[in-house]
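Asks: The structure file final.cif (mmCIF, C-alpha atoms) is provided below.
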```cif
data_entry
#
loop_
_atom_site.label_atom_id
_atom_site.label_comp_id
_atom_site.auth_asym_id
_atom_site.auth_seq_id
_atom_site.Cartn_x
_atom_site.Cartn_y
_atom_site.Cartn_z
CA MET B 24 42.14 7.03 -180.79
CA SER B 25 38.52 5.95 -180.32
CA THR B 26 37.70 3.65 -177.44
CA SER B 27 34.04 3.71 -178.33
CA SER B 28 31.91 0.75 -177.36
CA PHE B 29 30.03 1.39 -180.60
CA ALA B 30 32.73 -0.14 -182.76
CA ILE B 31 30.82 -3.36 -183.47
CA ASP B 32 30.90 -4.74 -187.00
CA VAL B 33 27.49 -5.50 -188.44
CA PRO B 34 27.41 -8.14 -191.20
CA GLU B 35 26.46 -6.83 -194.63
CA LEU B 36 23.63 -9.31 -194.80
CA LEU B 37 22.12 -7.97 -191.59
CA VAL B 38 22.23 -4.43 -192.99
CA ALA B 39 20.55 -5.69 -196.17
CA ARG B 40 17.76 -7.14 -194.04
CA LEU B 41 17.41 -3.85 -192.15
CA LYS B 42 16.90 -2.17 -195.50
CA ARG B 43 14.07 -4.58 -196.17
CA ARG B 44 12.56 -3.44 -192.84
CA ASP B 45 12.86 -6.91 -191.41
CA LEU B 46 11.86 -6.57 -187.74
CA ASP B 47 13.89 -9.62 -186.71
CA ALA B 48 16.97 -7.94 -188.10
CA PHE B 49 16.08 -4.79 -186.15
CA GLU B 50 15.87 -6.81 -182.99
CA GLN B 51 19.33 -8.24 -183.58
CA VAL B 52 20.77 -4.80 -184.21
CA TYR B 53 18.94 -3.37 -181.20
CA ARG B 54 20.38 -6.06 -178.95
CA LEU B 55 23.87 -5.45 -180.30
CA PHE B 56 23.71 -1.72 -179.72
CA ASP B 57 21.18 -0.99 -176.98
CA ARG B 58 23.80 -0.67 -174.25
CA PRO B 59 26.31 1.44 -176.22
CA VAL B 60 23.49 3.74 -177.41
CA TYR B 61 21.95 4.04 -173.95
CA THR B 62 25.33 4.63 -172.31
CA LEU B 63 26.28 7.34 -174.78
CA ALA B 64 22.88 8.98 -174.37
CA LEU B 65 23.20 8.85 -170.60
CA ARG B 66 26.69 10.33 -170.61
CA LEU B 67 25.63 13.15 -172.91
CA LEU B 68 22.29 13.94 -171.30
CA GLY B 69 22.95 12.90 -167.69
CA ASN B 70 19.40 11.67 -167.16
CA GLU B 71 18.09 8.10 -167.36
CA ALA B 72 14.59 8.90 -168.60
CA GLU B 73 15.92 11.17 -171.35
CA ALA B 74 18.57 8.61 -172.28
CA TYR B 75 15.90 5.94 -172.68
CA ASP B 76 13.80 8.27 -174.84
CA LEU B 77 16.82 8.95 -176.97
CA LEU B 78 17.53 5.24 -177.32
CA GLN B 79 14.02 4.65 -178.62
CA ASP B 80 14.03 7.70 -180.88
CA SER B 81 17.42 6.80 -182.34
CA PHE B 82 16.30 3.32 -183.36
CA LEU B 83 13.09 4.70 -184.82
CA LYS B 84 15.23 7.05 -186.87
CA VAL B 85 17.36 4.11 -188.03
CA PHE B 86 14.18 2.38 -189.12
CA GLU B 87 12.97 5.44 -191.02
CA GLN B 88 16.31 6.36 -192.58
CA ILE B 89 17.99 3.02 -193.19
CA ALA B 90 17.42 3.34 -196.92
CA SER B 91 19.73 6.35 -196.93
CA PHE B 92 22.56 4.44 -195.22
CA ARG B 93 25.49 3.94 -197.57
CA ALA B 94 28.18 1.49 -196.62
CA GLU B 95 30.97 4.06 -197.14
CA ALA B 96 31.28 4.28 -193.35
CA PRO B 97 30.57 1.44 -190.93
CA PHE B 98 27.00 1.03 -189.72
CA TRP B 99 28.02 1.69 -186.11
CA SER B 100 29.46 5.07 -186.99
CA TRP B 101 26.25 6.02 -188.81
CA LEU B 102 24.18 4.95 -185.83
CA ARG B 103 26.44 6.85 -183.45
CA SER B 104 26.10 10.04 -185.45
CA ILE B 105 22.31 9.70 -185.20
CA VAL B 106 22.56 9.38 -181.42
CA VAL B 107 25.03 12.25 -181.01
CA ASN B 108 23.04 14.61 -183.23
CA ALA B 109 19.80 13.80 -181.43
CA ALA B 110 21.45 14.26 -178.03
CA LEU B 111 22.98 17.58 -179.01
CA MET B 112 19.62 18.76 -180.28
CA ARG B 113 18.13 17.97 -176.88
CA LEU B 114 21.00 19.71 -175.12
CA ARG B 115 20.52 22.83 -177.23
CA GLY B 116 16.91 22.91 -176.11
CA ARG B 117 17.97 23.26 -172.47
CA ARG B 118 17.99 26.77 -171.07
CA PRO B 119 20.34 27.73 -169.65
CA LEU B 120 22.86 25.28 -171.08
CA ASP B 121 25.74 25.16 -168.61
CA GLU B 122 29.35 25.03 -169.60
CA LEU B 123 32.58 25.70 -167.78
CA ASP B 124 33.71 29.22 -168.53
CA ALA B 125 36.54 29.74 -166.06
CA PRO B 126 39.99 28.21 -166.44
CA MET B 127 40.59 25.48 -163.87
CA LEU B 128 43.69 25.02 -161.78
CA ASP B 129 46.01 22.33 -162.99
CA HIS B 130 45.89 19.61 -160.35
CA THR B 131 49.42 18.52 -161.20
CA ALA B 132 50.77 21.96 -160.27
CA ASP B 133 50.70 21.19 -156.56
CA GLY B 134 52.50 17.89 -157.07
CA GLY B 135 49.71 15.87 -155.46
CA PRO B 136 48.71 12.44 -156.74
CA ASP B 137 46.33 12.31 -159.69
CA PRO B 138 42.91 11.39 -158.25
CA LEU B 139 42.23 9.43 -161.46
CA ALA B 140 45.03 7.03 -160.65
CA MET B 141 43.02 5.23 -157.97
CA VAL B 142 39.46 6.19 -158.80
CA CYS B 143 36.67 3.63 -158.79
CA ALA B 144 33.86 3.55 -161.36
CA GLN B 145 31.14 4.78 -158.98
CA ASP B 146 33.13 7.84 -157.93
CA LEU B 147 34.03 8.66 -161.49
CA LYS B 148 30.40 8.38 -162.63
CA ARG B 149 29.28 10.55 -159.75
CA ALA B 150 31.86 13.22 -160.56
CA LEU B 151 31.01 13.04 -164.25
CA GLY B 152 27.35 13.60 -163.39
CA ARG B 153 28.26 16.81 -161.58
CA LEU B 154 29.91 18.42 -164.61
CA PRO B 155 27.90 20.98 -166.58
CA ALA B 156 26.06 19.16 -169.38
CA LEU B 157 27.81 20.79 -172.30
CA SER B 158 31.28 20.31 -170.83
CA ARG B 159 30.54 16.69 -170.00
CA ALA B 160 29.33 16.03 -173.55
CA VAL B 161 32.46 17.56 -175.08
CA LEU B 162 34.70 15.67 -172.66
CA TRP B 163 33.00 12.35 -173.47
CA LEU B 164 33.01 12.79 -177.22
CA TYR B 165 36.67 13.71 -177.19
CA HIS B 166 38.05 11.18 -174.73
CA VAL B 167 35.82 8.17 -175.30
CA GLU B 168 34.23 8.46 -178.72
CA GLY B 169 37.44 9.72 -180.29
CA TYR B 170 35.96 12.85 -181.87
CA THR B 171 38.53 15.43 -182.93
CA HIS B 172 38.27 19.05 -181.80
CA GLU B 173 37.26 19.94 -185.36
CA GLU B 174 34.43 17.38 -185.32
CA ILE B 175 33.25 18.59 -181.93
CA ALA B 176 33.34 22.21 -183.08
CA GLN B 177 31.26 21.28 -186.10
CA SER B 178 28.76 19.21 -184.09
CA PHE B 179 28.23 21.98 -181.53
CA ASP B 180 28.39 24.76 -184.10
CA ARG B 181 31.21 26.36 -182.12
CA THR B 182 34.92 26.95 -182.61
CA VAL B 183 37.84 24.58 -182.24
CA SER B 184 39.04 26.72 -179.31
CA PHE B 185 35.72 26.13 -177.60
CA SER B 186 36.27 22.37 -177.86
CA LYS B 187 39.85 22.56 -176.63
CA SER B 188 39.00 24.77 -173.68
CA GLN B 189 36.00 22.63 -172.66
CA VAL B 190 38.06 19.44 -172.80
CA ALA B 191 40.79 21.01 -170.67
CA ARG B 192 38.41 22.62 -168.18
CA ALA B 193 36.15 19.61 -167.85
CA GLY B 194 39.16 17.34 -167.27
CA ALA B 195 40.51 19.65 -164.57
CA ARG B 196 37.07 20.06 -162.98
CA LEU B 197 36.59 16.30 -162.93
CA ARG B 198 39.85 15.84 -161.07
CA ASP B 199 38.86 18.61 -158.70
CA LEU B 200 35.54 16.89 -157.97
CA LEU B 201 37.32 13.58 -157.41
CA ASP B 202 39.70 15.27 -154.98
CA GLN B 203 36.69 16.58 -153.06
CA GLU B 204 35.06 13.14 -153.09
CA ASP B 205 38.27 11.69 -151.77
CA ALA B 206 38.39 14.21 -148.94
CA THR B 207 34.82 13.50 -147.88
CA TRP B 208 34.78 9.78 -148.60
CA ASN B 209 32.77 7.77 -146.13
CA PRO B 210 32.60 4.03 -146.77
CA ALA B 211 29.37 3.72 -144.80
CA THR B 212 27.40 6.09 -146.98
CA MET B 213 29.27 6.05 -150.29
CA PRO B 214 30.33 2.53 -151.16
CA CYS B 215 32.78 2.35 -154.01
CA MET J 22 50.01 14.84 -178.98
CA GLU J 23 47.98 13.47 -176.09
CA SER J 24 49.54 14.09 -172.67
CA ARG J 25 49.88 11.39 -170.05
CA ASP J 26 47.10 13.04 -168.02
CA ASP J 27 44.82 12.98 -171.06
CA ALA J 28 45.64 9.35 -171.73
CA LEU J 29 44.80 8.41 -168.15
CA LEU J 30 41.51 10.30 -168.32
CA SER J 31 40.59 8.61 -171.62
CA GLU J 32 41.45 5.23 -170.19
CA ARG J 33 39.42 5.73 -167.01
CA LEU J 34 36.36 7.08 -168.82
CA ALA J 35 36.43 4.33 -171.43
CA ALA J 36 36.72 1.70 -168.70
CA LEU J 37 33.41 2.72 -167.13
CA PRO J 38 30.98 -0.16 -167.49
CA LEU J 39 28.21 0.08 -170.06
CA GLU J 40 24.81 1.05 -168.69
CA SER J 41 21.77 -1.13 -169.36
CA PRO J 42 18.48 0.35 -170.56
CA PRO J 43 15.15 -0.94 -169.16
CA ALA J 44 14.51 -4.53 -170.19
CA ALA J 45 11.25 -3.64 -171.93
CA GLY J 46 13.16 -1.50 -174.43
CA TRP J 47 12.85 -3.84 -177.39
CA SER J 48 9.18 -4.70 -176.92
CA GLU J 49 8.29 -1.00 -176.68
CA LEU J 50 10.36 -0.20 -179.71
CA ARG J 51 8.87 -3.09 -181.68
CA ALA J 52 5.36 -1.79 -180.98
CA ARG J 53 6.38 1.67 -182.21
CA LEU J 54 8.11 0.22 -185.28
CA ARG J 55 5.01 -1.77 -186.19
CA ARG J 56 2.91 1.36 -185.92
CA SER J 57 5.30 3.20 -188.21
CA GLN J 58 5.57 0.38 -190.79
CA PRO J 59 4.49 1.60 -194.19
CA PRO J 60 1.29 -0.10 -195.35
CA ARG J 61 3.04 -1.97 -198.16
CA ALA J 62 3.25 -5.72 -197.69
CA SER J 63 6.52 -7.08 -196.36
CA ARG J 64 8.20 -10.07 -197.92
CA ARG J 65 6.97 -12.28 -195.13
CA ALA J 66 3.46 -10.90 -195.45
CA SER J 67 3.10 -12.95 -198.62
CA PRO J 68 1.86 -11.13 -201.67
CA GLY J 69 -0.87 -12.88 -203.67
CA TRP J 70 1.43 -14.71 -206.04
CA LEU J 71 3.48 -16.00 -203.15
CA ALA J 72 0.44 -17.45 -201.42
CA LEU J 73 -0.47 -19.23 -204.64
CA ALA J 74 3.09 -20.38 -205.13
CA ALA J 75 3.25 -21.61 -201.55
CA GLY J 76 0.23 -23.82 -202.16
CA LEU J 77 1.80 -25.34 -205.25
CA VAL J 78 5.12 -25.79 -203.54
CA ALA J 79 3.54 -27.71 -200.69
CA VAL J 80 2.31 -30.27 -203.19
CA LEU J 81 4.97 -30.27 -205.88
CA VAL J 82 8.27 -28.92 -204.67
CA LEU J 83 8.82 -29.59 -200.98
CA PRO J 84 9.26 -33.37 -201.31
CA GLN J 85 12.19 -32.76 -203.67
CA LEU J 86 13.79 -30.17 -201.40
CA GLN J 87 14.50 -32.70 -198.71
CA ARG J 88 17.28 -34.11 -200.86
CA ALA J 89 18.09 -31.45 -203.38
CA PRO J 90 20.80 -29.03 -202.25
CA LEU J 91 19.42 -26.37 -204.58
CA PRO J 92 16.03 -26.01 -206.19
CA PRO J 93 16.08 -26.62 -209.94
CA PRO J 94 17.56 -23.47 -211.44
CA ALA J 95 15.25 -21.22 -213.38
CA ARG J 96 16.45 -20.73 -216.93
CA PRO J 97 15.95 -17.66 -219.05
CA THR J 98 14.25 -18.04 -222.37
CA PRO J 99 16.12 -16.52 -225.32
CA GLN J 100 13.05 -14.37 -225.93
CA ALA J 101 13.26 -12.83 -222.48
CA VAL J 102 16.98 -12.20 -222.82
CA ALA J 103 16.43 -10.37 -226.04
CA SER J 104 13.50 -8.30 -224.82
CA ALA J 105 14.74 -6.80 -221.57
CA PRO J 106 18.38 -6.02 -220.82
CA GLN J 107 17.62 -5.51 -217.12
CA LEU J 108 15.93 -8.89 -216.94
CA ALA J 109 18.77 -10.52 -218.85
CA ALA J 110 21.29 -9.08 -216.40
CA LEU J 111 19.33 -10.50 -213.47
CA MET J 112 19.18 -13.92 -215.13
CA ARG J 113 22.92 -13.93 -215.78
CA ARG J 114 23.56 -12.87 -212.20
CA SER J 115 21.28 -15.64 -210.98
CA GLN J 116 23.16 -18.26 -213.01
CA ALA J 117 26.53 -16.95 -211.86
CA LEU J 118 25.45 -17.09 -208.23
CA GLU J 119 24.23 -20.67 -208.63
CA ALA J 120 27.60 -21.62 -210.06
CA GLN J 121 29.40 -19.94 -207.17
CA ILE J 122 27.23 -21.70 -204.61
CA ARG J 123 27.82 -25.08 -206.23
CA ALA J 124 31.56 -24.42 -206.21
CA LEU J 125 31.43 -23.45 -202.53
CA ARG J 126 29.56 -26.64 -201.72
CA ALA J 127 31.81 -28.85 -203.81
CA ASN J 128 34.31 -29.27 -200.98
CA GLY J 129 31.70 -31.31 -199.10
CA VAL J 130 32.28 -29.71 -195.70
CA GLU J 131 29.92 -31.06 -193.07
CA LEU J 132 27.51 -28.35 -191.94
CA ALA J 133 26.58 -27.47 -188.41
CA GLU J 134 22.88 -27.97 -187.79
CA ALA J 135 22.19 -24.22 -187.57
CA GLN J 136 23.99 -23.59 -190.84
CA TYR J 137 22.04 -26.38 -192.52
CA GLU J 138 18.72 -25.01 -191.24
CA TRP J 139 19.58 -21.53 -192.43
CA GLU J 140 20.42 -22.72 -195.92
CA ARG J 141 17.30 -24.86 -196.04
CA ALA J 142 15.14 -21.87 -195.09
CA ILE J 143 16.59 -19.84 -197.96
CA GLU J 144 16.16 -22.76 -200.36
CA GLY J 145 12.51 -23.00 -199.36
CA ASP J 146 12.00 -19.34 -200.32
CA LEU J 147 13.89 -19.93 -203.55
CA ALA J 148 11.57 -22.78 -204.42
CA LEU J 149 8.58 -20.48 -204.04
CA ILE J 150 10.15 -17.97 -206.37
CA ASP J 151 10.85 -20.68 -208.93
CA VAL J 152 7.22 -21.75 -208.89
CA GLY J 153 6.27 -18.17 -209.67
CA LEU J 154 8.88 -18.05 -212.43
CA ALA J 155 7.57 -21.28 -213.90
CA ALA J 156 4.25 -19.48 -214.37
CA ASP J 157 5.81 -16.29 -215.72
CA GLY J 158 9.53 -16.34 -216.41
CA GLN J 159 9.70 -12.66 -217.34
CA THR J 160 8.61 -11.04 -214.08
CA GLU J 161 11.51 -8.82 -213.15
CA ALA J 162 10.50 -8.59 -209.48
CA LEU J 163 10.73 -12.38 -209.17
CA TRP J 164 14.16 -12.49 -210.77
CA ARG J 165 15.31 -9.69 -208.52
CA GLU J 166 14.10 -11.60 -205.47
CA ARG J 167 15.74 -14.77 -206.78
CA VAL J 168 19.09 -12.96 -207.07
CA ARG J 169 18.70 -11.54 -203.58
CA LEU J 170 17.98 -14.96 -202.12
CA LEU J 171 20.90 -16.53 -203.98
CA GLU J 172 23.18 -13.81 -202.62
CA GLU J 173 21.92 -14.65 -199.15
CA LEU J 174 22.49 -18.33 -199.82
CA ARG J 175 26.02 -17.67 -201.03
CA THR J 176 26.70 -15.71 -197.83
CA ALA J 177 25.23 -18.59 -195.84
CA SER J 178 27.53 -21.00 -197.64
CA GLN J 179 30.66 -19.08 -196.84
CA THR J 180 30.04 -17.45 -193.48
CA ASP J 181 30.46 -18.42 -189.85
CA THR J 182 27.66 -16.18 -188.70
CA GLY J 183 25.04 -18.79 -189.54
CA PRO J 184 23.64 -19.43 -186.07
CA LEU J 185 23.18 -15.71 -185.32
CA LEU J 186 21.49 -14.92 -188.62
CA LEU J 187 19.50 -18.10 -188.79
CA GLN J 188 17.80 -17.30 -185.52
CA ALA J 189 16.37 -14.09 -186.95
CA ARG J 190 15.23 -15.90 -190.09
CA LEU J 191 13.44 -18.64 -188.19
CA ASP J 192 11.91 -16.53 -185.38
#
```
Starting from the file, give its structure as structure tokens.

Replies:
Amino acid sequence: MSTSSFAIDVPELLVARLKRRDLDAFEQVYRLFDRPVYTLALRLLGNEAEAYDLLQDSFLKVFEQIASFRAEAPFWSWLRSIVVNAALMRLRGRRPLDELDAPMLDHTADGGPDPLAMVCAQDLKRALGRLPALSRAVLWLYHVEGYTHEEIAQSFDRTVSFSKSQVARAGARLRDLLDQEDATWNPATMPC
Amino acid sequence: MESRDDALLSERLAALPLESPPAAGWSELRARLRRSQPPRASRRASPGWLALAAGLVAVLVLPQLQRAPLPPPARPTPQAVASAPQLAALMRRSQALEAQIRALRANGVELAEAQYEWERAIEGDLALIDVGLAADGQTEALWRERVRLLEELRTASQTDTGPLLLQARLD
């Protein structure tokens, strides 16, 4: 199930005004979506400057391609696909593009508490930022944006097994990183 | 099926607060959008006929608009109907929309100020179109614009999003 912050309905009339290249309508749509777009870009790219560039580029693309938008799917889903495709293109341009290639230990095997049970947002963001870029992107698209493994495989031009293994490994690695954070937690230097 | 661990991970990730881009984001984007605007005139950039129509409207039409809920409807001439099927379809659509809007307004619901302002702004644009149509009732572009405005007016008459959309229209 998608928990995407993108799922905002845009009135038909507003879309019609976008198609007429009405800048006021663009401002309204920008203000509705700037945070979801920026957040998604940041989670996928892991870098604020690049995320901001992507935000700007994505809205420029909306402006250029709005005539091709057909209301068969919601506007937000069309916009999100623009952002995801642009982010993946940037990721592909990175050399080397890191991904997790070794199976991770299952944290539940040792019977310890799940570090996600009590995690705070800052720790989770920090741990997320330490994942390899490709693995983080797959993890986010699957768990937050509600992409299926098939959709991820298609987007990354990889196999369904690649998506499944990255989701599993990135989830395990994230828990591992949170365990480490927990062990070294110092309230004076790392406020939560 | 999603495991409990997966569900917890999804829940925690989705609960992360949204990040905010730099505040100058829109003004930078607007500057880039303006640079990439195609050279054709936008609707608000008033084509020649609209400027002429606007002048006439200021003298002839605006005083009536203060009371009239709709500008006087433009009527097709039988000649035009016979000569251009596309034009005839637009005229029929225009008449049907006017009828729908009148029916929507017949219940006499009191409008919020924002809703009223929004509708009045659309009616002002409609009046300009009608002045153009009075000069040449067979211009397809004018009929097309008239239908578009009436569709907007119908939406205005039946929607609760008035304040949000009005702001963009008036800005």

Asks: Quick one: apply the PyMOL selection byres ((chain B) within 7 of (chain J)) to the file and drop the selected residues here as a list in words.

Replies: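 When the PyMOL selection byres ((chain B) within 7 of (chain J)) is applied to the shown file, the picked residues are Thr26, Asp47, Ala48, Arg58, Pro59, Tyr61, Thr62, Tyr75, Gln79, Leu83, Leu139, Ala144, His166 and Val167 of chain B.
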
Asks: So how many Å separate atom CA of J:Gln116 and atom CA of J:Ala142, to one decimal?

Replies: 20.0 Å

Asks: Enumerate, as a ChimeraX atom specification, the residues matched when the PyMOL selection byres ((chain J and resi 164) around 8) is run on the file above.

Replies: /J:108,111-112,115,154,159-163,165-168

Asks: Write a file of the just-selected residues containing C-alpha atoms, as a PDB file, keeping the file's coordinate frame.

Replies:
```pdb
ATOM      1  CA  LEU J 108      15.930  -8.890-216.940  1.00  0.00           C
ATOM      2  CA  LEU J 111      19.330 -10.500-213.470  1.00  0.00           C
ATOM      3  CA  MET J 112      19.180 -13.920-215.130  1.00  0.00           C
ATOM      4  CA  SER J 115      21.280 -15.640-210.980  1.00  0.00           C
ATOM      5  CA  LEU J 154       8.880 -18.050-212.430  1.00  0.00           C
ATOM      6  CA  GLN J 159       9.700 -12.660-217.340  1.00  0.00           C
ATOM      7  CA  THR J 160       8.610 -11.040-214.080  1.00  0.00           C
ATOM      8  CA  GLU J 161      11.510  -8.820-213.150  1.00  0.00           C
ATOM      9  CA  ALA J 162      10.500  -8.590-209.480  1.00  0.00           C
ATOM     10  CA  LEU J 163      10.730 -12.380-209.170  1.00  0.00           C
ATOM     11  CA  ARG J 165      15.310  -9.690-208.520  1.00  0.00           C
ATOM     12  CA  GLU J 166      14.100 -11.600-205.470  1.00  0.00           C
ATOM     13  CA  ARG J 167      15.740 -14.770-206.780  1.00  0.00           C
ATOM     14  CA  VAL J 168      19.090 -12.960-207.070  1.00  0.00           C
TER      15      VAL J 168
END
```

Asks: Find the residues around B:Gln203 up to 10 Å (all atoms listed in the file counted), leave out those fewer than 6 positions away in its own chain, and share them as a PyMOL selection string.

Replies: chain B and resi 138+150+197

Asks: Write the selection just made, keeping C-alpha atoms, as a compact mmCIF listing (two decimals), in the frame of the given file?

Replies:
```
# COMPACT_ATOMS: atom_id res chain seq x y z
CA PRO B 138 42.91 11.39 -158.25
CA ALA B 150 31.86 13.22 -160.56
CA LEU B 197 36.59 16.30 -162.93
```

Asks: One number please: atom CA of B:Leu55 to atom CA of B:Ile31, in Å, one decimal.

Replies: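 Taking atom CA of B:Leu55 and atom CA of B:Ile31, their separation equals 7.9 Å.
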
Asks: What box, with edges along x, y and z, holds each listed atom of stretch 69-86 of chain B when 6 Å is added on every side, and can you state its centre and edge lengths in Å to one decimal, as AutoDock Vina command-line options?

Replies:
```
--center_x 18.0 --center_y 7.6 --center_z -178.1 --size_x 21.9 --size_y 22.5 --size_z 34.0
```

Asks: Give me the residues within 12 Å of B:Glu173 as number ranges by chain, counting all atoms listed in the file and dropping any in the same chain fewer than 3 places off.

Replies: B: 161, 164-165, 169-170, 176-187

Asks: Pick out the residues sitting within 8 Å of B:Tyr53, and hand them over as a short mmCIF file (atom, residue, chain, number, x, y, z; two decimals) with C-alpha atoms, in the frame of the given file; count all atoms listed in the file, and ignore anything fewer than 4 positions along from it in its own chain.

Replies:
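The result, stored in around.cif:
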```
data_model
loop_
_atom_site.label_atom_id
_atom_site.label_comp_id
_atom_site.auth_asym_id
_atom_site.auth_seq_id
_atom_site.Cartn_x
_atom_site.Cartn_y
_atom_site.Cartn_z
CA PHE B 49 16.08 -4.79 -186.15
CA ASP B 57 21.18 -0.99 -176.98
CA PHE B 82 16.30 3.32 -183.36
CA TRP J 47 12.85 -3.84 -177.39
#
```

Asks: Would you work out the distance separating atom CA of B:Asp202 from atom CA of B:Arg149, expressed in Å to one decimal?

Replies: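 About the pair atom CA of B:Asp202 and atom CA of B:Arg149: they are 12.4 Å apart.
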
Asks: Just so the selection is clear, what residues does the PyMOL selection byres ((chain B and resi 107) around 10) cover here, as a PDB file with C-alpha atoms, keeping the file's coordinate frame?

Replies:
```
ATOM      1  CA  VAL B  60      23.490   3.740-177.410  1.00  0.00           C
ATOM      2  CA  LEU B  63      26.280   7.340-174.780  1.00  0.00           C
ATOM      3  CA  ALA B  64      22.880   8.980-174.370  1.00  0.00           C
ATOM      4  CA  LEU B  67      25.630  13.150-172.910  1.00  0.00           C
ATOM      5  CA  LEU B  77      16.820   8.950-176.970  1.00  0.00           C
ATOM      6  CA  SER B  81      17.420   6.800-182.340  1.00  0.00           C
ATOM      7  CA  LEU B 102      24.180   4.950-185.830  1.00  0.00           C
ATOM      8  CA  ARG B 103      26.440   6.850-183.450  1.00  0.00           C
ATOM      9  CA  SER B 104      26.100  10.040-185.450  1.00  0.00           C
ATOM     10  CA  ILE B 105      22.310   9.700-185.200  1.00  0.00           C
ATOM     11  CA  VAL B 106      22.560   9.380-181.420  1.00  0.00           C
ATOM     12  CA  ASN B 108      23.040  14.610-183.230  1.00  0.00           C
ATOM     13  CA  ALA B 109      19.800  13.800-181.430  1.00  0.00           C
ATOM     14  CA  ALA B 110      21.450  14.260-178.030  1.00  0.00           C
ATOM     15  CA  LEU B 111      22.980  17.580-179.010  1.00  0.00           C
ATOM     16  CA  MET B 112      19.620  18.760-180.280  1.00  0.00           C
ATOM     17  CA  ARG B 113      18.130  17.970-176.880  1.00  0.00           C
ATOM     18  CA  ALA B 160      29.330  16.030-173.550  1.00  0.00           C
ATOM     19  CA  LEU B 164      33.010  12.790-177.220  1.00  0.00           C
ATOM     20  CA  SER B 178      28.760  19.210-184.090  1.00  0.00           C
TER      21      SER B 178
END
```

Asks: Just the residues within 8 Å of B:Leu162, please, counting only C-alpha atoms, with nothing from its chain fewer than 4 positions along; format it as an MDAnalysis selection string.

Replies: chainID B and resid 158 166 189:190 193:194

Asks: Have a look at J:Leu149, J:Ala120, J:Ala45, J:Ala156 and name the one nearest to J:Arg175; count all atoms listed in the file.

Replies: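 Nearest to J:Arg175: J:Ala120.
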